[in-house]
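Text of coords_5.cif, listed as mmCIF, C-alpha atoms and all ligand atoms:
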data_query
#
loop_
_atom_site.label_atom_id
_atom_site.label_comp_id
_atom_site.auth_asym_id
_atom_site.auth_seq_id
_atom_site.Cartn_x
_atom_site.Cartn_y
_atom_site.Cartn_z
CA MET A 1 -17.09 31.20 15.53
CA ALA A 2 -18.93 28.45 13.71
CA GLN A 3 -16.95 26.98 10.84
CA THR A 4 -17.86 24.18 8.48
CA LEU A 5 -15.11 21.81 7.44
CA LYS A 6 -15.02 18.77 5.24
CA VAL A 7 -13.19 16.06 7.12
CA ASN A 8 -12.79 12.52 5.82
CA GLY A 9 -15.60 13.07 3.34
CA LYS A 10 -18.12 14.44 5.83
CA GLU A 11 -19.14 18.03 6.47
CA VAL A 12 -18.84 19.03 10.10
CA THR A 13 -19.51 22.35 11.80
CA VAL A 14 -17.38 23.31 14.78
CA ASP A 15 -17.62 26.26 17.12
CA VAL A 16 -14.06 27.42 17.79
CA ASP A 17 -11.82 30.43 18.04
CA PRO A 18 -10.70 31.14 14.45
CA GLY A 19 -7.04 31.03 15.44
CA THR A 20 -7.27 27.51 16.84
CA PRO A 21 -4.81 25.24 15.02
CA LEU A 22 -6.50 22.60 12.89
CA LEU A 23 -4.74 19.91 14.94
CA TRP A 24 -6.72 20.78 18.06
CA VAL A 25 -10.01 20.99 16.19
CA LEU A 26 -9.41 17.49 14.85
CA ARG A 27 -8.38 16.05 18.20
CA GLU A 28 -10.52 17.92 20.69
CA LYS A 29 -13.65 18.82 18.75
CA LEU A 30 -13.88 15.86 16.40
CA GLY A 31 -12.20 13.15 18.47
CA LEU A 32 -9.81 12.18 15.68
CA LEU A 33 -6.90 11.17 17.88
CA GLY A 34 -4.72 9.53 15.24
CA THR A 35 -3.17 12.90 14.40
CA LYS A 36 -0.55 13.63 17.05
CA PHE A 37 0.96 16.66 18.75
CA GLY A 38 4.75 16.62 18.83
CA CYS A 39 6.49 19.98 18.70
CA GLY A 40 3.71 22.42 17.88
CA GLN A 41 6.20 24.34 15.75
CA GLY A 42 5.89 22.75 12.32
CA LEU A 43 9.10 20.79 12.74
CA CYS A 44 8.36 17.15 13.56
CA GLY A 45 5.44 16.24 11.30
CA ALA A 46 3.52 14.22 13.92
CA CYS A 47 0.48 16.38 13.13
CA THR A 48 0.52 15.75 9.36
CA VAL A 49 -2.85 15.56 7.62
CA HIS A 50 -3.86 16.14 4.01
CA VAL A 51 -5.48 19.41 2.96
CA ASN A 52 -6.68 19.03 -0.61
CA GLY A 53 -4.36 16.05 -0.92
CA ALA A 54 -1.19 17.82 0.19
CA ALA A 55 0.71 16.84 3.33
CA THR A 56 0.11 19.66 5.80
CA ARG A 57 1.36 20.22 9.34
CA SER A 58 -1.83 20.93 11.20
CA CYS A 59 -0.30 22.29 14.40
CA LEU A 60 0.42 25.68 12.85
CA LEU A 61 -2.57 26.02 10.54
CA PRO A 62 -5.34 28.22 11.97
CA VAL A 63 -8.68 26.57 11.32
CA VAL A 64 -9.99 29.79 9.77
CA ALA A 65 -7.38 29.45 7.00
CA VAL A 66 -8.52 25.96 6.01
CA SER A 67 -10.53 25.51 2.86
CA GLY A 68 -11.15 22.33 0.98
CA GLU A 69 -10.97 18.72 1.99
CA ILE A 70 -9.14 17.48 5.04
CA THR A 71 -8.10 13.85 5.34
CA THR A 72 -6.74 12.38 8.54
CA ILE A 73 -5.21 8.95 9.11
CA GLU A 74 -8.69 7.74 10.07
CA GLY A 75 -10.00 8.65 6.62
CA LEU A 76 -7.13 7.42 4.49
CA SER A 77 -8.98 4.20 3.70
CA PRO A 78 -12.04 2.47 5.13
CA ASP A 79 -10.15 -0.70 6.02
CA ASN A 80 -6.42 0.10 6.27
CA SER A 81 -6.00 -0.97 2.66
CA HIS A 82 -4.20 2.12 1.38
CA PRO A 83 -0.83 1.05 -0.07
CA ALA A 84 1.01 3.10 2.55
CA GLN A 85 -0.89 1.44 5.40
CA ARG A 86 -0.29 -2.03 3.99
CA ALA A 87 3.37 -1.23 3.42
CA TRP A 88 3.81 0.02 6.99
CA ILE A 89 2.44 -3.27 8.28
CA GLU A 90 4.63 -5.30 5.92
CA ALA A 91 7.75 -3.35 6.89
CA ASP A 92 6.81 -3.47 10.59
CA ALA A 93 7.83 0.20 10.69
CA PRO A 94 6.57 1.48 14.06
CA GLN A 95 8.42 1.26 17.34
CA CYS A 96 6.45 3.36 19.87
CA GLY A 97 4.19 4.41 17.01
CA TYR A 98 3.74 8.02 18.02
CA CYS A 99 5.14 9.57 14.83
CA GLN A 100 3.79 6.97 12.45
CA SER A 101 0.40 8.43 11.52
CA GLY A 102 2.20 11.50 10.28
CA GLN A 103 4.77 9.39 8.45
CA VAL A 104 2.02 7.39 6.70
CA MET A 105 0.20 10.58 5.72
CA ALA A 106 3.41 12.07 4.31
CA CYS A 107 3.98 8.91 2.28
CA ALA A 108 0.38 8.84 1.02
CA ALA A 109 0.65 12.43 -0.18
CA LEU A 110 3.91 11.59 -1.95
CA LEU A 111 2.30 8.64 -3.74
CA LYS A 112 -0.51 10.87 -4.91
CA ALA A 113 1.80 13.65 -6.14
CA LYS A 114 4.50 11.37 -7.55
CA PRO A 115 3.41 7.76 -8.07
CA LYS A 116 6.93 6.83 -9.19
CA PRO A 117 9.17 8.85 -6.86
CA THR A 118 12.94 8.76 -7.08
CA GLU A 119 14.98 8.17 -3.94
CA ALA A 120 15.59 11.93 -3.89
CA ASP A 121 11.83 12.55 -4.09
CA ILE A 122 11.35 10.22 -1.13
CA SER A 123 14.02 12.04 0.87
CA ALA A 124 12.44 15.39 0.04
CA ALA A 125 8.94 14.26 1.04
CA MET A 126 9.73 12.20 4.15
CA THR A 127 10.97 14.89 6.51
CA ASN A 128 8.99 13.81 9.57
CA LEU A 129 11.01 13.10 12.71
CA CYS A 130 10.98 9.83 14.64
CA ARG A 131 12.32 9.85 18.17
CA CYS A 132 12.68 6.07 18.06
CA GLY A 133 14.92 6.30 15.01
CA THR A 134 12.93 3.95 12.77
CA TYR A 135 14.11 5.74 9.65
CA GLY A 136 15.45 2.60 7.98
CA LYS A 137 12.13 0.80 8.32
CA ILE A 138 10.20 3.90 7.25
CA ARG A 139 12.32 4.11 4.11
CA LYS A 140 11.66 0.45 3.39
CA ALA A 141 7.93 0.99 3.99
CA VAL A 142 7.84 3.86 1.50
CA GLN A 143 9.58 1.72 -1.10
CA ILE A 144 7.04 -1.08 -0.53
CA ALA A 145 4.19 1.44 -0.73
CA VAL A 146 5.47 2.68 -4.10
CA LYS A 147 5.51 -0.90 -5.37
CA LEU A 148 2.02 -1.72 -4.05
CA ASN A 149 0.70 1.54 -5.45
CA SER A 150 2.15 0.82 -8.88
CA GLU A 151 0.49 -2.58 -8.86
CA GLY A 152 -2.83 -0.88 -8.27
CA GLU A 153 -3.33 -2.81 -5.06
CA VAL A 154 -5.37 -0.18 -3.27
S1 LIG A 201 3.38 18.89 16.06
FE1 LIG A 201 3.14 19.79 14.11
S2 LIG A 201 5.09 19.66 13.21
FE2 LIG A 201 5.40 18.89 15.21
S1 LIG A 202 8.10 5.15 16.24
FE1 LIG A 202 8.42 6.23 18.11
S2 LIG A 202 8.61 8.30 17.51
FE2 LIG A 202 8.58 7.21 15.65
#

Since I need it in another form, could you write the structure as structure tokens?
Ligand code: FES
Ligand code: FES
Amino acid sequence: MAQTLKVNGKEVTVDVDPGTPLLWVLREKLGLLGTKFGCGQGLCGACTVHVNGAATRSCLLPVVAVSGEITTIEGLSPDNSHPAQRAWIEADAPQCGYCQSGQVMACAALLKAKPKPTEADISAAMTNLCRCGTYGKIRKAVQIAVKLNSEGEV
């Protein structure tokens, strides 16, 4: 089945089985390898992308059910200048790095939905798992991202 998607601001047409999870369309058809496969069960968040601005676990989402704009880590900013990306660098958050694209995308969606999140908002939004246990640094990175975002330093 041919399906047209809008990914990182560009329209692309892919020929895939309609039940194919969006994750595999992004990785295997479009070569966007920043979005990772972890559990394949909607649990870990490694596959998080934005669909119409909302953090979405792409491993369980059939491509046929996708409408609207998809943003992956590659499309978050043209030059890694998004507040979340800058905050992740400042906080030196990654260890192995595998989970971190999904973590950054979860944070970016939070900033968009709630520019001034409470600590409880952060806890509710940042549910992605990290096998390296970098949760302390991720928390710090989110707090830095909130500050950078509020300063308008995009
Ligand atoms: S790979 Fe999608 S939630 Fe784990
Ligand atoms: S940095 Fe290794 S899984 Fe999170």

Let me see if you get this right: every residue at most 10 Å from ligand LIG 202 (chain A), counting all atoms listed in the file, written as a PyMOL selection string.
chain A and resi 38+44+46+93-103+128-135+137-138

Residues within 10 Å of ligand LIG 201 (chain A), counting only C-alpha atoms and all ligand atoms, as a list of chain:residue names:
A:Pro21, A:Leu23, A:Thr35, A:Lys36, A:Phe37, A:Gly38, A:Cys39, A:Gly40, A:Gln41, A:Gly42, A:Leu43, A:Cys44, A:Gly45, A:Ala46, A:Cys47, A:Thr48, A:Val49, A:Thr56, A:Arg57, A:Ser58, A:Cys59, A:Leu60, A:Leu61, A:Cys99, A:Gly102, A:Asn128, A:Leu129

What is the distance between CA of Glu74 (chain A) and CA of Thr118 (chain A), in Å to one decimal?
27.6 Å

Rank A:Pro78, A:Pro115, A:Gly136, A:Pro18 by their smallest atom-to-atom distance to Ala2 (chain A), using all atoms listed in the file, and report the top residue only.
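Closest candidate: A:Pro18.
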
Any idea what's packed within 10 Å of Val16 (chain A), counting all atoms listed in the file, ignoring anything in its chain fewer than 4 positions away? Could you give it as a list in words?
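Once the nearby chain positions are removed, what remains is Met1, Ala2, Gln3, Thr20, Pro21, Trp24, Val25, Lys29, Val63 and Val64 of chain A.
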
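Taking CA of Asn149 (chain A) as the reference point, CA of Ile70 (chain A) is found at 21.5 Å.
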
So which one's closest to Ala145 (chain A), A:Leu110, A:Pro83, A:Pro117, A:Ala91? Using all atoms listed in the file, please.
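Going through A:Leu110, A:Pro83, A:Pro117, A:Ala91 one by one, the smallest distance to Ala145 (chain A) is for A:Pro83.
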
Would you mind telling me which residue in A:Lys140, A:Ala108, A:Thr127, A:Lys6 lies nearest to Ser81 (chain A) when using all atoms listed in the file?
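With all atoms listed in the file as the atom set, the closest residue is A:Ala108.
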